[in-house]
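Below: work.csv (CSV, C-alpha atoms)
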```csv
chain,number,residue,atom,x,y,z
G,1,MET,CA,-12.8,-79.5,213.7
G,2,VAL,CA,-14.2,-81.0,216.9
G,3,LYS,CA,-17.6,-82.6,217.3
G,4,SER,CA,-19.5,-81.7,220.5
G,5,ASN,CA,-21.2,-84.4,222.6
G,6,GLY,CA,-22.5,-82.2,225.5
G,7,ASN,CA,-25.3,-83.3,227.9
G,8,LEU,CA,-27.9,-80.7,226.9
G,9,GLU,CA,-30.5,-81.2,229.6
G,10,SER,CA,-28.0,-80.5,232.3
G,11,HIS,CA,-27.4,-77.0,230.8
G,12,PHE,CA,-30.9,-75.9,230.2
G,13,GLN,CA,-34.4,-77.3,230.1
G,14,ILE,CA,-35.4,-77.0,226.5
G,15,PRO,CA,-39.0,-75.6,226.0
G,16,LYS,CA,-41.7,-77.9,224.7
G,17,ILE,CA,-44.1,-76.4,222.2
G,18,LYS,CA,-46.8,-78.1,220.3
G,19,PHE,CA,-48.7,-75.4,218.4
G,20,THR,CA,-48.6,-71.7,217.8
G,21,GLN,CA,-51.2,-69.2,216.6
G,22,LEU,CA,-51.1,-65.8,214.9
G,23,PHE,CA,-51.0,-62.6,217.0
G,24,ILE,CA,-53.6,-60.1,215.7
G,25,ASN,CA,-55.1,-57.2,217.5
G,26,GLY,CA,-53.6,-58.2,220.8
G,27,GLU,CA,-54.9,-61.8,220.7
G,28,PHE,CA,-53.5,-65.2,219.6
G,29,VAL,CA,-55.8,-66.6,216.9
G,30,ASP,CA,-56.0,-69.4,214.4
G,31,SER,CA,-55.4,-68.7,210.8
G,32,VAL,CA,-58.5,-68.1,208.7
G,33,SER,CA,-57.8,-71.2,206.7
G,34,GLY,CA,-56.9,-73.3,209.7
G,35,ASN,CA,-53.8,-74.5,207.8
G,36,THR,CA,-50.5,-75.1,209.7
G,37,PHE,CA,-46.9,-75.9,208.8
G,38,GLU,CA,-44.0,-77.4,210.7
G,39,THR,CA,-41.1,-75.6,212.1
G,40,ILE,CA,-38.1,-78.0,212.3
G,41,ASP,CA,-35.3,-78.2,214.8
G,42,PRO,CA,-32.1,-78.1,212.7
G,43,ARG,CA,-30.1,-79.9,215.5
G,44,ASN,CA,-32.0,-83.1,215.1
G,45,GLU,CA,-34.4,-82.7,212.1
G,46,GLU,CA,-37.4,-83.1,214.5
G,47,VAL,CA,-40.6,-81.1,214.5
G,48,ILE,CA,-40.7,-78.4,217.2
G,49,ALA,CA,-44.2,-77.3,216.7
G,50,ARG,CA,-47.0,-76.8,214.2
G,51,ILE,CA,-47.3,-73.1,213.2
G,52,ALA,CA,-50.5,-71.3,212.1
G,53,GLU,CA,-50.1,-70.7,208.4
G,54,GLY,CA,-51.2,-67.1,207.7
G,55,ASP,CA,-52.0,-66.0,204.1
G,56,LYS,CA,-53.7,-63.1,202.4
G,57,ALA,CA,-56.9,-63.3,204.5
G,58,ASP,CA,-54.9,-63.1,207.7
G,59,ILE,CA,-52.7,-60.3,206.4
G,60,ASP,CA,-55.9,-58.4,205.6
G,61,LEU,CA,-57.1,-58.9,209.2
G,62,ALA,CA,-53.7,-57.8,210.6
G,63,VAL,CA,-53.5,-54.7,208.4
G,64,LYS,CA,-57.1,-53.8,209.4
G,65,ALA,CA,-56.2,-54.1,213.1
G,66,ALA,CA,-53.0,-52.0,212.5
G,67,ARG,CA,-54.9,-49.4,210.5
G,68,GLU,CA,-57.6,-49.1,213.2
G,69,ALA,CA,-54.9,-48.8,215.9
G,70,PHE,CA,-53.2,-46.0,213.9
G,71,ASP,CA,-56.3,-44.1,212.9
G,72,ASN,CA,-58.2,-44.3,216.2
G,73,GLY,CA,-56.0,-46.0,218.8
G,74,PRO,CA,-53.9,-44.3,221.5
G,75,TRP,CA,-50.4,-45.2,220.3
G,76,PRO,CA,-49.8,-42.4,217.8
G,77,ARG,CA,-51.4,-40.0,220.2
G,78,LEU,CA,-49.4,-40.8,223.3
G,79,SER,CA,-46.8,-38.3,224.2
G,80,PRO,CA,-43.3,-39.2,223.1
G,81,MET,CA,-42.4,-39.7,226.8
G,82,GLU,CA,-45.3,-42.2,227.3
G,83,ARG,CA,-44.2,-44.2,224.2
G,84,ARG,CA,-40.6,-44.1,225.5
G,85,ASN,CA,-41.6,-45.5,228.9
G,86,ILE,CA,-43.5,-48.4,227.4
G,87,MET,CA,-40.6,-49.2,225.2
G,88,LEU,CA,-38.2,-49.2,228.1
G,89,LYS,CA,-40.6,-51.6,229.9
G,90,PHE,CA,-40.5,-53.8,226.8
G,91,ALA,CA,-36.7,-53.8,226.9
G,92,ASP,CA,-36.8,-54.8,230.6
G,93,LEU,CA,-39.1,-57.7,229.8
G,94,ILE,CA,-36.7,-58.9,227.0
G,95,ILE,CA,-33.9,-59.1,229.6
G,96,GLU,CA,-36.1,-60.8,232.2
G,97,ASN,CA,-37.0,-63.5,229.6
G,98,ALA,CA,-33.5,-63.8,228.0
G,99,GLU,CA,-33.2,-67.6,228.5
G,100,GLU,CA,-36.6,-68.3,227.0
G,101,ILE,CA,-35.9,-66.1,223.9
G,102,ALA,CA,-32.4,-67.5,223.4
G,103,ALA,CA,-33.8,-71.1,223.7
G,104,LEU,CA,-36.4,-70.4,221.1
G,105,ASP,CA,-33.8,-69.1,218.6
G,106,ALA,CA,-31.5,-72.0,219.5
G,107,MET,CA,-34.1,-74.6,218.6
G,108,ASP,CA,-35.6,-72.7,215.7
G,109,ALA,CA,-32.6,-71.1,214.0
G,110,GLY,CA,-29.7,-73.3,215.1
G,111,LYS,CA,-28.1,-70.4,217.0
G,112,LEU,CA,-25.9,-71.0,219.9
G,113,PHE,CA,-27.9,-70.7,223.2
G,114,ALA,CA,-25.0,-69.1,225.1
G,115,ALA,CA,-24.4,-66.5,222.4
G,116,GLY,CA,-28.1,-65.8,222.2
G,117,LYS,CA,-28.3,-65.3,226.0
G,118,THR,CA,-25.2,-63.1,226.3
G,119,ILE,CA,-25.2,-61.3,222.9
G,120,ASP,CA,-28.3,-61.4,220.8
G,121,VAL,CA,-30.9,-60.9,223.5
G,122,PRO,CA,-29.0,-58.2,225.5
G,123,SER,CA,-28.2,-56.3,222.3
G,124,ALA,CA,-31.9,-56.5,221.3
G,125,ALA,CA,-32.9,-55.0,224.7
G,126,GLN,CA,-30.2,-52.3,224.1
G,127,PHE,CA,-31.7,-51.6,220.6
G,128,MET,CA,-35.1,-51.1,222.1
G,129,ARG,CA,-33.7,-48.8,224.8
G,130,TYR,CA,-31.9,-46.8,222.1
G,131,TYR,CA,-35.1,-46.3,220.0
G,132,ALA,CA,-37.0,-45.5,223.2
G,133,GLY,CA,-34.6,-42.7,223.7
G,134,ALA,CA,-35.3,-41.5,220.2
G,135,ALA,CA,-39.0,-41.3,220.7
G,136,ASP,CA,-39.0,-37.8,222.3
G,137,LYS,CA,-36.2,-36.5,220.0
G,138,ILE,CA,-38.1,-36.7,216.7
G,139,HIS,CA,-38.6,-33.1,215.6
G,140,GLY,CA,-38.7,-31.0,212.5
G,141,THR,CA,-36.8,-27.9,211.4
G,142,THR,CA,-37.6,-24.2,211.3
G,143,LEU,CA,-36.6,-22.9,207.8
G,144,LYS,CA,-35.3,-19.5,206.9
G,145,MET,CA,-37.7,-18.2,204.2
G,146,SER,CA,-37.1,-15.7,201.4
G,147,ARG,CA,-40.3,-13.8,202.3
G,148,ASP,CA,-42.0,-12.5,205.5
G,149,ILE,CA,-43.6,-15.9,206.3
G,150,GLN,CA,-42.8,-18.8,208.6
G,151,GLY,CA,-41.8,-22.2,207.2
G,152,TYR,CA,-41.0,-25.4,209.1
G,153,THR,CA,-40.9,-29.2,208.6
G,154,LEU,CA,-42.9,-31.6,210.7
G,155,LEU,CA,-42.0,-35.3,211.0
G,156,GLU,CA,-45.1,-37.6,211.5
G,157,PRO,CA,-45.5,-41.3,211.7
G,158,ILE,CA,-46.0,-42.8,208.2
G,159,GLY,CA,-48.8,-45.1,209.3
G,160,VAL,CA,-49.0,-48.9,209.0
G,161,VAL,CA,-45.6,-50.6,208.4
G,162,GLY,CA,-45.0,-54.1,207.1
G,163,HIS,CA,-41.9,-55.7,208.5
G,164,ILE,CA,-40.5,-58.9,206.9
G,165,ILE,CA,-37.6,-60.3,209.0
G,166,PRO,CA,-35.0,-62.9,208.1
G,167,TRP,CA,-34.2,-66.2,209.8
G,168,ASN,CA,-30.5,-65.6,210.6
G,169,PHE,CA,-31.0,-63.1,213.4
G,170,PRO,CA,-34.7,-63.4,214.4
G,171,THR,CA,-34.3,-61.7,217.8
G,172,GLN,CA,-32.2,-58.7,216.8
G,173,MET,CA,-34.0,-58.1,213.5
G,174,PHE,CA,-37.4,-58.1,215.2
G,175,VAL,CA,-36.3,-55.3,217.5
G,176,MET,CA,-34.3,-53.4,214.9
G,177,LYS,CA,-37.4,-53.1,212.8
G,178,VAL,CA,-40.1,-52.8,215.4
G,179,GLY,CA,-38.2,-50.4,217.7
G,180,PRO,CA,-37.9,-47.4,215.4
G,181,ALA,CA,-41.5,-47.9,214.2
G,182,LEU,CA,-42.8,-47.9,217.7
G,183,ALA,CA,-40.7,-44.8,218.6
G,184,ALA,CA,-42.2,-42.9,215.6
G,185,GLY,CA,-45.8,-43.8,216.6
G,186,CYS,CA,-46.4,-46.3,213.8
G,187,THR,CA,-48.4,-49.5,213.9
G,188,MET,CA,-47.3,-52.6,212.1
G,189,VAL,CA,-47.6,-56.1,210.8
G,190,VAL,CA,-44.6,-58.4,211.2
G,191,LYS,CA,-44.0,-61.4,209.0
G,192,PRO,CA,-41.2,-63.5,210.5
G,193,ALA,CA,-39.3,-66.0,208.3
G,194,GLU,CA,-41.2,-69.3,208.1
G,195,GLN,CA,-38.0,-71.1,209.3
G,196,THR,CA,-37.9,-69.1,212.6
G,197,PRO,CA,-41.4,-67.9,213.7
G,198,LEU,CA,-41.2,-68.7,217.4
G,199,SER,CA,-39.4,-65.7,219.0
G,200,ALA,CA,-41.4,-63.1,217.0
G,201,LEU,CA,-44.6,-64.5,218.6
G,202,TYR,CA,-43.0,-64.4,222.0
G,203,TYR,CA,-41.9,-60.8,221.5
G,204,ALA,CA,-45.5,-59.9,220.5
G,205,GLN,CA,-46.7,-61.2,223.9
G,206,LEU,CA,-44.0,-59.3,225.8
G,207,ALA,CA,-44.9,-56.1,224.0
G,208,LYS,CA,-48.5,-56.5,225.2
G,209,GLN,CA,-47.3,-57.1,228.7
G,210,ALA,CA,-45.2,-53.9,228.5
G,211,GLY,CA,-48.3,-51.9,227.6
G,212,VAL,CA,-48.2,-51.6,223.8
G,213,PRO,CA,-51.9,-51.3,222.9
G,214,ASP,CA,-53.7,-53.9,220.9
G,215,GLY,CA,-53.3,-53.7,217.1
G,216,VAL,CA,-50.0,-51.9,217.3
G,217,ILE,CA,-47.9,-55.0,216.8
G,218,ASN,CA,-49.4,-57.9,214.8
G,219,VAL,CA,-47.5,-61.0,213.9
G,220,VAL,CA,-48.6,-63.2,210.9
G,221,THR,CA,-46.5,-66.4,210.5
G,222,GLY,CA,-46.5,-67.9,207.0
G,223,PHE,CA,-44.6,-68.1,203.8
G,224,GLY,CA,-43.1,-65.4,201.8
G,225,SER,CA,-44.9,-66.3,198.6
G,226,THR,CA,-48.3,-65.9,200.3
G,227,ALA,CA,-48.3,-63.9,203.5
G,228,GLY,CA,-45.2,-61.9,202.6
G,229,ALA,CA,-46.4,-61.1,199.1
G,230,ALA,CA,-49.8,-60.1,200.4
G,231,LEU,CA,-48.2,-57.7,202.9
G,232,CYS,CA,-46.0,-56.1,200.2
G,233,SER,CA,-48.9,-55.6,197.8
G,234,HIS,CA,-51.5,-54.5,200.3
G,235,MET,CA,-53.0,-51.1,199.4
G,236,ASP,CA,-53.4,-50.1,203.1
G,237,VAL,CA,-49.8,-50.7,204.1
G,238,ASP,CA,-47.8,-47.4,204.0
G,239,LYS,CA,-44.3,-48.7,204.1
G,240,ILE,CA,-42.4,-52.0,203.8
G,241,SER,CA,-39.1,-52.9,205.5
G,242,PHE,CA,-37.5,-56.1,204.3
G,243,THR,CA,-34.2,-57.9,205.1
G,244,GLY,CA,-33.3,-60.9,203.1
G,245,SER,CA,-32.0,-62.0,199.7
G,246,THR,CA,-31.4,-59.7,196.8
G,247,GLU,CA,-33.7,-62.0,194.7
G,248,VAL,CA,-36.6,-61.6,197.0
G,249,GLY,CA,-35.8,-57.9,197.6
G,250,ARG,CA,-36.5,-57.3,193.9
G,251,LEU,CA,-39.9,-58.9,194.3
G,252,VAL,CA,-40.7,-56.8,197.4
G,253,MET,CA,-39.8,-53.6,195.5
G,254,GLN,CA,-41.9,-54.6,192.5
G,255,ALA,CA,-45.0,-55.5,194.6
G,256,ALA,CA,-44.7,-52.2,196.5
G,257,ALA,CA,-44.5,-50.2,193.2
G,258,LEU,CA,-47.3,-52.0,191.6
G,259,SER,CA,-49.7,-51.5,194.5
G,260,ASN,CA,-49.8,-48.1,196.2
G,261,LEU,CA,-46.2,-47.1,195.4
G,262,LYS,CA,-45.3,-47.5,199.1
G,263,PRO,CA,-41.7,-46.7,200.1
G,264,VAL,CA,-39.5,-49.6,200.9
G,265,SER,CA,-36.3,-50.2,203.0
G,266,LEU,CA,-34.2,-53.1,201.8
G,267,GLU,CA,-31.2,-54.7,203.5
G,268,LEU,CA,-30.1,-57.4,201.1
G,269,GLY,CA,-27.2,-59.9,200.7
G,270,GLY,CA,-23.5,-59.3,200.5
G,271,LYS,CA,-20.1,-60.8,199.6
G,272,SER,CA,-17.8,-59.0,201.9
G,273,PRO,CA,-14.0,-59.0,201.5
G,274,PHE,CA,-11.5,-59.4,204.4
G,275,ILE,CA,-8.2,-57.9,203.3
G,276,VAL,CA,-4.9,-58.8,205.1
G,277,PHE,CA,-1.6,-57.0,204.4
G,278,ASP,CA,1.7,-58.5,205.3
G,279,ASP,CA,2.4,-56.1,208.2
G,280,VAL,CA,-0.3,-57.7,210.5
G,281,ASP,CA,0.2,-59.9,213.6
G,282,VAL,CA,-0.9,-63.2,212.1
G,283,ASP,CA,-1.7,-64.7,215.5
G,284,LYS,CA,-4.1,-61.9,216.3
G,285,VAL,CA,-5.7,-61.4,212.8
G,286,ALA,CA,-6.2,-65.0,211.7
G,287,PRO,CA,-8.8,-65.7,214.5
G,288,LEU,CA,-10.6,-62.5,213.5
G,289,ALA,CA,-10.7,-63.7,209.9
G,290,MET,CA,-12.2,-67.0,210.9
G,291,ILE,CA,-14.8,-65.4,213.2
G,292,GLY,CA,-15.7,-63.2,210.2
G,293,ILE,CA,-16.8,-66.3,208.3
G,294,LEU,CA,-17.8,-68.8,211.0
G,295,TYR,CA,-19.8,-66.6,213.3
G,296,ASN,CA,-23.4,-67.7,213.4
G,297,LYS,CA,-22.3,-70.6,211.1
G,298,GLY,CA,-21.7,-68.1,208.3
G,299,GLU,CA,-25.3,-67.1,208.1
G,300,VAL,CA,-24.5,-63.4,208.2
G,301,CYS,CA,-25.0,-60.8,205.4
G,302,VAL,CA,-21.7,-59.1,206.2
G,303,ALA,CA,-19.7,-62.4,206.6
G,304,GLY,CA,-16.1,-62.0,205.4
G,305,SER,CA,-16.5,-64.8,202.9
G,306,ARG,CA,-13.7,-63.6,200.6
G,307,LEU,CA,-10.3,-63.5,202.3
G,308,PHE,CA,-7.5,-61.7,200.4
G,309,ILE,CA,-4.0,-62.3,201.9
G,310,GLN,CA,-0.8,-60.5,200.7
G,311,GLU,CA,1.7,-62.8,199.3
G,312,GLY,CA,4.4,-62.2,201.9
G,313,ILE,CA,2.5,-63.8,204.7
G,314,TYR,CA,0.1,-66.0,202.7
G,315,ASP,CA,1.5,-69.4,203.7
G,316,LYS,CA,1.9,-68.5,207.4
G,317,PHE,CA,-1.6,-67.1,207.5
G,318,VAL,CA,-3.3,-70.0,205.8
G,319,LYS,CA,-1.5,-72.4,208.1
G,320,LYS,CA,-2.9,-70.5,211.1
G,321,LEU,CA,-6.4,-70.7,209.6
G,322,VAL,CA,-6.1,-74.5,209.4
G,323,GLU,CA,-4.9,-74.7,213.0
G,324,ILE,CA,-8.0,-72.8,214.2
G,325,THR,CA,-10.4,-75.1,212.3
G,326,LYS,CA,-8.9,-78.1,214.1
G,327,THR,CA,-10.0,-76.7,217.5
G,328,TRP,CA,-13.4,-75.4,216.2
G,329,VAL,CA,-16.3,-77.2,217.9
G,330,VAL,CA,-19.3,-78.0,215.8
G,331,GLY,CA,-22.2,-79.3,217.8
G,332,ASP,CA,-25.5,-78.9,219.5
G,333,THR,CA,-26.6,-75.3,220.1
G,334,PHE,CA,-27.3,-75.9,223.8
G,335,ASP,CA,-23.9,-77.3,224.5
G,336,PRO,CA,-21.7,-74.5,226.0
G,337,ASN,CA,-18.6,-76.0,224.4
G,338,SER,CA,-20.0,-75.5,220.8
G,339,HIS,CA,-18.6,-72.8,218.6
G,340,GLN,CA,-21.0,-73.5,215.7
G,341,GLY,CA,-24.4,-75.0,215.4
G,342,PRO,CA,-26.4,-76.3,212.4
G,343,GLN,CA,-27.5,-74.4,209.3
G,344,VAL,CA,-31.0,-73.1,209.7
G,345,ASP,CA,-32.8,-75.8,207.7
G,346,LYS,CA,-32.4,-78.5,205.2
G,347,LYS,CA,-32.7,-76.2,202.2
G,348,GLN,CA,-29.8,-74.0,203.4
G,349,PHE,CA,-27.8,-77.0,204.4
G,350,GLU,CA,-28.1,-78.4,200.9
G,351,ARG,CA,-27.4,-75.0,199.4
G,352,VAL,CA,-24.1,-74.7,201.3
G,353,LEU,CA,-23.0,-78.2,200.3
G,354,SER,CA,-23.8,-77.5,196.7
G,355,TYR,CA,-21.6,-74.4,196.7
G,356,ILE,CA,-18.8,-76.6,198.1
G,357,GLU,CA,-19.2,-78.9,195.1
G,358,HIS,CA,-19.1,-75.9,192.8
G,359,GLY,CA,-15.8,-74.9,194.3
G,360,LYS,CA,-14.3,-78.4,193.7
G,361,ARG,CA,-15.6,-78.6,190.2
G,362,GLU,CA,-14.3,-75.1,189.2
G,363,GLY,CA,-10.8,-75.9,190.3
G,364,ALA,CA,-10.4,-74.4,193.8
G,365,THR,CA,-8.4,-76.3,196.3
G,366,LEU,CA,-10.4,-77.7,199.2
G,367,LEU,CA,-7.9,-77.1,202.1
G,368,THR,CA,-10.1,-78.3,205.0
G,369,GLY,CA,-13.7,-79.3,205.7
G,370,GLY,CA,-16.2,-79.6,203.0
G,371,ASN,CA,-18.5,-82.2,204.5
G,372,ALA,CA,-21.6,-82.6,206.4
G,373,LEU,CA,-21.2,-84.1,209.9
G,374,ASP,CA,-22.1,-87.8,210.1
G,375,ARG,CA,-25.0,-87.3,212.5
G,376,LYS,CA,-28.6,-86.1,212.5
G,377,GLY,CA,-29.0,-82.4,211.9
G,378,TYR,CA,-27.9,-79.8,209.4
G,379,PHE,CA,-24.2,-79.5,210.4
G,380,VAL,CA,-21.5,-78.5,208.0
G,381,GLU,CA,-17.8,-78.5,208.7
G,382,PRO,CA,-15.8,-75.2,208.6
G,383,THR,CA,-14.6,-75.2,205.1
G,384,ILE,CA,-11.6,-73.4,203.5
G,385,PHE,CA,-10.9,-73.1,199.8
G,386,THR,CA,-7.6,-71.8,198.4
G,387,ASP,CA,-6.6,-71.1,194.8
G,388,VAL,CA,-9.9,-69.3,194.4
G,389,GLU,CA,-10.2,-67.0,191.4
G,390,ASP,CA,-12.6,-64.1,190.9
G,391,HIS,CA,-14.7,-65.9,188.2
G,392,MET,CA,-15.5,-68.9,190.4
G,393,THR,CA,-19.0,-69.2,191.8
G,394,ILE,CA,-17.8,-69.4,195.4
G,395,ALA,CA,-16.0,-66.1,194.9
G,396,LYS,CA,-19.0,-64.3,193.3
G,397,GLU,CA,-22.2,-65.6,195.0
G,398,GLU,CA,-23.3,-65.4,198.6
G,399,ILE,CA,-23.1,-68.8,200.2
G,400,PHE,CA,-24.5,-67.9,203.7
G,401,GLY,CA,-22.5,-70.7,205.3
G,402,PRO,CA,-19.2,-71.6,206.9
G,403,VAL,CA,-17.2,-71.5,203.6
G,404,LEU,CA,-14.2,-69.3,203.2
G,405,SER,CA,-12.6,-68.4,199.8
G,406,VAL,CA,-9.0,-67.5,200.1
G,407,MET,CA,-7.1,-65.5,197.5
G,408,LYS,CA,-3.5,-64.3,197.3
G,409,PHE,CA,-2.6,-60.8,196.2
G,410,ASN,CA,0.2,-58.3,195.7
G,411,PRO,CA,-0.5,-54.6,196.1
G,412,VAL,CA,-0.4,-52.5,192.9
G,413,HIS,CA,2.3,-49.8,193.1
```
How would this structure read if it were set down as structure tokens?
Amino acid sequence: MVKSNGNLESHFQIPKIKFTQLFINGEFVDSVSGNTFETIDPRNEEVIARIAEGDKADIDLAVKAAREAFDNGPWPRLSPMERRNIMLKFADLIIENAEEIAALDAMDAGKLFAAGKTIDVPSAAQFMRYYAGAADKIHGTTLKMSRDIQGYTLLEPIGVVGHIIPWNFPTQMFVMKVGPALAAGCTMVVKPAEQTPLSALYYAQLAKQAGVPDGVINVVTGFGSTAGAALCSHMDVDKISFTGSTEVGRLVMQAAALSNLKPVSLELGGKSPFIVFDDVDVDKVAPLAMIGILYNKGEVCVAGSRLFIQEGIYDKFVKKLVEITKTWVVGDTFDPNSHQGPQVDKKQFERVLSYIEHGKREGATLLTGGNALDRKGYFVEPTIFTDVEDHMTIAKEEIFGPVLSVMKFNPVH
């Protein structure tokens, strides 16, 4: 593992932000309470900005704006082609502002600036273009009836949608949730993760510049236990879309059921296996296995955190994994030489380190890594455990960090 010491300012002028507001009904406004919270730069543990702390009162205002925009505003009544054209303009603005968006996510989420600029932001624009293309292709079906009558289905926008987005992919998840809702003619309230609120507010402004009418997209920053809970239990929200942990997903579904029985879409955690048989090219597949766990510092719901290797190539494959970690650069997100930035915040940083201690205590062999970097910031070394057994905590629970559990197997004949 290599530490990065790049000169950041020579690569990009990092934005300076002091304070942000909520975005409700097309305007940036203070929270009703006037309360704020800090968003922390995981690279150096310094405060980036003070964020307006929305709660139930602000959610009420945002939902009211979204309801008015849905019931009486132009967005649901525009022709599908008009909605499509505005969304395409939105996508163009995303590309035009790629550096700013990537920089916000690099500071706020610990994501690599280079990857954000070349992968996350362009893919977000592509998502928006895809959903724009779907706007004029939403149609029902004519049904063959048993009697001499006509029957057909008609697809209509559901109404006001609440989107709760996670901190690991703030740019892509914003667009993946907002895009289809826009295409369908819905209005919405977005509650970004409290760890990464900045790019969602930036996107709201870009949407307005693109021509999305006031009240269609509202962004309320705040905490899940207050703003998020209020959104899920709101009687005038017609649907909830949530991406996050399984634990919180249960609470989201419960709140939706106990209020107006609104439908929910949940994308929750995972513990994905990466299975390697002994007929593979080790030099080609081992780097893929490492990318599967180290991409985005392991903060991926589909990270290949359990690696099963067939006995015949086990030793050779593991040796290659260790070689890769020796050249893996952990460092500042704005340094183009970095392969891995810091974990998103102190809580996640400590969570990852606690799982590493679980692995040691339960008898797994720490092959490489396992430590925090001796510097400011929430940096964790790429970590590989071998001799992992199914009953161990690191084999069963989602770590959401750069920790790989390696297990040997023989196929059952």
With all atoms listed in the file as the atoms that count, which of G:Asp278, G:Asp238, G:Asp332, G:Asp105 lies nearest to Ser259 (chain G)?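 Result for the nearest residue to Ser259 (chain G): G:Asp238.
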Between G:Gln310, G:Leu22, G:Gly228, G:Asn85, single out the one closest to Val412 (chain G), counting all atoms listed in the file. G:Gln310
In Å to one decimal, how far is CA of Phe274 (chain G) from CA of Gln195 (chain G)? 29.4 Å
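Taking CA of Pro157 (chain G) and CA of Pro76 (chain G) as the two end points, the separation is 7.5 Å.
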One-decimal distance in Å that lies between CA of Tyr131 (chain G) and CA of Val237 (chain G):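 Separation between CA of Val237 (chain G) and CA of Tyr131 (chain G): 22.1 Å.
Residue nearest Gln205 (chain G) within the list G:Ile217, G:Leu155, G:Gly359, G:Ile119: G:Ile217 [criterion: smallest interatomic distance, only C-alpha atoms].
Residues in contact with Ile324 (chain G) at 9 Å, where only C-alpha atoms are counted and same-chain residues fewer than 2 positions away are skipped, are listed as Met1, Ala286, Pro287, Met290, Lys319, Lys320, Leu321, Val322, Lys326, Thr327 and Trp328 of chain G.
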With C-alpha atoms retained, write the just-selected residues as a PDB file, in the frame of the given file.
```pdb
ATOM      1  CA  MET G   1     -12.800 -79.500 213.700  1.00  0.00           C
ATOM      2  CA  ALA G 286      -6.200 -65.000 211.700  1.00  0.00           C
ATOM      3  CA  PRO G 287      -8.800 -65.700 214.500  1.00  0.00           C
ATOM      4  CA  MET G 290     -12.200 -67.000 210.900  1.00  0.00           C
ATOM      5  CA  LYS G 319      -1.500 -72.400 208.100  1.00  0.00           C
ATOM      6  CA  LYS G 320      -2.900 -70.500 211.100  1.00  0.00           C
ATOM      7  CA  LEU G 321      -6.400 -70.700 209.600  1.00  0.00           C
ATOM      8  CA  VAL G 322      -6.100 -74.500 209.400  1.00  0.00           C
ATOM      9  CA  LYS G 326      -8.900 -78.100 214.100  1.00  0.00           C
ATOM     10  CA  THR G 327     -10.000 -76.700 217.500  1.00  0.00           C
ATOM     11  CA  TRP G 328     -13.400 -75.400 216.200  1.00  0.00           C
TER      12      TRP G 328
END
```
Need to verify the contact set: Val121 (chain G), 12 Å, all atoms listed in the file, exclusion of same-chain residues closer than 5 positions in sequence. Can you return it as a ChimeraX atom specification? /G:91-106,111-116,126-128,169-176,199,203
Of G:Lys316, G:Lys18, G:Lys396, G:Arg129, the one sitting nearest Pro273 (chain G) when using only C-alpha atoms is G:Lys396
Which is closest to Val344 (chain G) among G:Ala193, G:Leu251, G:Ile24, G:Val264, if we use all atoms listed in the file?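 Answer, going by the shortest atom-to-atom distance: G:Ala193.
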